[in-house]
>>> print(open('run21.pdb').read())   # PDB, C-alpha atoms
ATOM      1  CA  MET A 794       0.000   0.000   0.000  1.00  0.00           C
ATOM      2  CA  GLN A 795       1.247   3.474  -0.850  1.00  0.00           C
ATOM      3  CA  HIS A 796       1.324   6.146   1.816  1.00  0.00           C
ATOM      4  CA  LEU A 797       1.348   9.895   1.384  1.00  0.00           C
ATOM      5  CA  GLU A 798       4.395  11.485   2.927  1.00  0.00           C
ATOM      6  CA  PRO A 799       3.435  13.518   6.006  1.00  0.00           C
ATOM      7  CA  ARG A 800       4.755  16.773   4.564  1.00  0.00           C
ATOM      8  CA  SER A 801       3.546  16.448   1.009  1.00  0.00           C
ATOM      9  CA  PRO A 802       0.777  18.876   0.035  1.00  0.00           C
ATOM     10  CA  VAL A 803      -2.696  17.366  -0.094  1.00  0.00           C
ATOM     11  CA  THR A 804      -5.799  18.863  -1.692  1.00  0.00           C
ATOM     12  CA  LEU A 805      -9.428  17.851  -1.351  1.00  0.00           C
ATOM     13  CA  GLY A 806     -11.759  18.596  -4.269  1.00  0.00           C
ATOM     14  CA  PHE A 807     -15.539  18.615  -3.864  1.00  0.00           C
ATOM     15  CA  TYR A 808     -17.293  17.501  -7.075  1.00  0.00           C
ATOM     16  CA  GLY A 809     -20.674  16.449  -5.701  1.00  0.00           C
ATOM     17  CA  GLY A 810     -22.540  15.978  -2.469  1.00  0.00           C
ATOM     18  CA  THR A 811     -22.185  19.648  -1.565  1.00  0.00           C
ATOM     19  CA  GLY A 812     -25.221  21.867  -1.602  1.00  0.00           C
ATOM     20  CA  ALA A 813     -27.327  18.732  -2.117  1.00  0.00           C
ATOM     21  CA  VAL A 814     -27.683  15.365  -0.462  1.00  0.00           C
ATOM     22  CA  THR A 815     -26.882  13.222  -3.520  1.00  0.00           C
ATOM     23  CA  GLY A 816     -23.944  12.671  -5.847  1.00  0.00           C
ATOM     24  CA  ALA A 817     -21.132  12.298  -3.307  1.00  0.00           C
ATOM     25  CA  ASN A 818     -17.829  12.696  -5.170  1.00  0.00           C
ATOM     26  CA  PHE A 819     -14.630  13.903  -3.502  1.00  0.00           C
ATOM     27  CA  LEU A 820     -11.048  13.735  -4.775  1.00  0.00           C
ATOM     28  CA  LEU A 821      -8.101  13.619  -2.375  1.00  0.00           C
ATOM     29  CA  SER A 822      -4.878  14.415  -4.255  1.00  0.00           C
ATOM     30  CA  GLY A 823      -1.352  14.064  -2.922  1.00  0.00           C
ATOM     31  CA  LYS A 824       2.069  14.326  -4.516  1.00  0.00           C
ATOM     32  CA  GLU A 825       1.849  10.922  -6.228  1.00  0.00           C
ATOM     33  CA  THR A 826      -1.535   9.473  -5.259  1.00  0.00           C
ATOM     34  CA  ARG A 827      -5.150  10.355  -6.050  1.00  0.00           C
ATOM     35  CA  VAL A 828      -7.977   8.813  -4.035  1.00  0.00           C
ATOM     36  CA  LEU A 829     -11.588   9.231  -5.115  1.00  0.00           C
ATOM     37  CA  ILE A 830     -13.972   9.120  -2.160  1.00  0.00           C
ATOM     38  CA  ASP A 831     -17.342   7.925  -3.432  1.00  0.00           C
ATOM     39  CA  CYS A 832     -18.627   8.424  -6.970  1.00  0.00           C
ATOM     40  CA  GLY A 833     -22.383   8.568  -6.648  1.00  0.00           C
ATOM     41  CA  LEU A 834     -25.298   9.399  -8.881  1.00  0.00           C
ATOM     42  CA  ILE A 835     -27.165  12.649  -8.539  1.00  0.00           C
ATOM     43  CA  GLN A 836     -30.822  11.982  -7.779  1.00  0.00           C
ATOM     44  CA  GLY A 837     -33.814  14.213  -8.330  1.00  0.00           C
ATOM     45  CA  GLU A 838     -35.915  15.656 -11.121  1.00  0.00           C
ATOM     46  CA  LYS A 839     -35.130  15.086 -14.815  1.00  0.00           C
ATOM     47  CA  PHE A 840     -32.980  18.211 -15.267  1.00  0.00           C
ATOM     48  CA  VAL A 841     -30.890  17.141 -12.270  1.00  0.00           C
ATOM     49  CA  LEU A 842     -30.569  13.532 -13.472  1.00  0.00           C
ATOM     50  CA  GLU A 843     -29.100  14.790 -16.758  1.00  0.00           C
ATOM     51  CA  MET A 844     -26.091  16.031 -14.785  1.00  0.00           C
ATOM     52  CA  ASN A 845     -25.073  12.360 -14.409  1.00  0.00           C
ATOM     53  CA  ARG A 846     -24.289  12.293 -18.151  1.00  0.00           C
ATOM     54  CA  GLU A 847     -21.822  15.171 -17.992  1.00  0.00           C
ATOM     55  CA  PRO A 848     -18.088  14.364 -18.184  1.00  0.00           C
ATOM     56  CA  PHE A 849     -16.170  14.088 -14.932  1.00  0.00           C
ATOM     57  CA  PRO A 850     -14.335  17.313 -13.988  1.00  0.00           C
ATOM     58  CA  TYR A 851     -11.149  15.213 -13.587  1.00  0.00           C
ATOM     59  CA  ASP A 852      -9.493  12.389 -15.527  1.00  0.00           C
ATOM     60  CA  PRO A 853     -10.910   9.096 -14.144  1.00  0.00           C
ATOM     61  CA  ALA A 854      -7.859   7.215 -15.478  1.00  0.00           C
ATOM     62  CA  SER A 855      -5.653   9.235 -13.110  1.00  0.00           C
ATOM     63  CA  ILE A 856      -7.385   7.848  -9.984  1.00  0.00           C
ATOM     64  CA  ASP A 857      -5.267   5.377  -7.999  1.00  0.00           C
ATOM     65  CA  PHE A 858      -7.874   4.226  -5.476  1.00  0.00           C
ATOM     66  CA  LEU A 859     -11.622   4.420  -4.877  1.00  0.00           C
ATOM     67  CA  LEU A 860     -12.854   4.579  -1.290  1.00  0.00           C
ATOM     68  CA  VAL A 861     -16.564   3.776  -0.955  1.00  0.00           C
ATOM     69  CA  THR A 862     -18.040   4.990   2.319  1.00  0.00           C
ATOM     70  CA  HIS A 863     -21.219   2.907   2.055  1.00  0.00           C
ATOM     71  CA  ALA A 864     -23.441   1.150  -0.479  1.00  0.00           C
ATOM     72  CA  HIS A 865     -26.067   3.723  -1.437  1.00  0.00           C
ATOM     73  CA  ILE A 866     -26.543   4.778  -5.072  1.00  0.00           C
ATOM     74  CA  ASP A 867     -25.693   8.400  -4.247  1.00  0.00           C
ATOM     75  CA  HIS A 868     -22.240   7.156  -3.151  1.00  0.00           C
ATOM     76  CA  ILE A 869     -21.516   4.322  -5.601  1.00  0.00           C
ATOM     77  CA  GLY A 870     -23.787   5.148  -8.576  1.00  0.00           C
TER      78      GLY A 870
END
>>> encode(input="run21.pdb", output="structure tokens")
Amino acid sequence: MQHLEPRSPVTLGFYGGTGAVTGANFLLSGKETRVLIDCGLIQGEKFVLEMNREPFPYDPASIDFLLVTHAHIDHIG
């Protein structure tokens, strides 16, 4: 298992699950490692559901690990 060095800069990006209850999607980025925390579907009315078809705001191929907090569709969609 890789570990982030204690002094390396770490950023946390919020790409869903903020301002609404659904669509949890957070990206923890360190010097060499990127961990996606949840990747859920956005739930709601039709215009909101269409947001699920939009491209990710980051490159999914660059993710090293996925951490799923629990098995609800708004976290693992």
>>> resolve_selection(input="run21.pdb", expression="the PyMOL selection byres ((chain A and resi 857) around 10)", output="MDAnalysis selection string")
chainID A and resid 795 822 825:829 853:856 858:859
>>> residues_around(input="run21.pdb", residues="A:Met844", least_positions_apart="6", cutoff="12 Å", atoms="all atoms listed in the file", output="ChimeraX atom specification")
/A:808-809,815-816,833-838,850
>>> resolve_selection(input="run21.pdb", expression="the PyMOL selection byres ((chain A and resi 864) around 12)", output="JSON, numbers by chain")
{"A": [817, 831, 832, 833, 834, 860, 861, 862, 863, 865, 866, 867, 868, 869, 870]}
>>> atom_distance(input="run21.pdb", atom1="atom CA of A:Lys824", atom2="atom CA of A:Arg846")
29.7 Å
>>> atom_distance(input="run21.pdb", atom1="atom CA of A:Thr804", atom2="atom CA of A:Asn845")
24.0 Å
>>> closest_residue(input="run21.pdb", among="A:Met794, A:Arg800, A:Pro848, A:Phe807", to="A:Gly823", atoms="all atoms listed in the file")
A:Arg800
>>> atom_distance(input="run21.pdb", atom1="atom CA of A:His796", atom2="atom CA of A:Asn818")
21.4 Å
>>> axis_aligned_box(input="run21.pdb", around="stretch 841-851 of chain A", padding_each_side="8 Å", output="AutoDock Vina command-line options")
--center_x -21.0 --center_y 14.8 --center_z -15.2 --size_x 35.7 --size_y 21.0 --size_z 21.9
>>> residues_near_point(input="run21.pdb", point="(-10.9, 16.3, -6.4)", cutoff="6 Å", atoms="only C-alpha atoms", output="ChimeraX atom specification")
/A:805-807,819-821
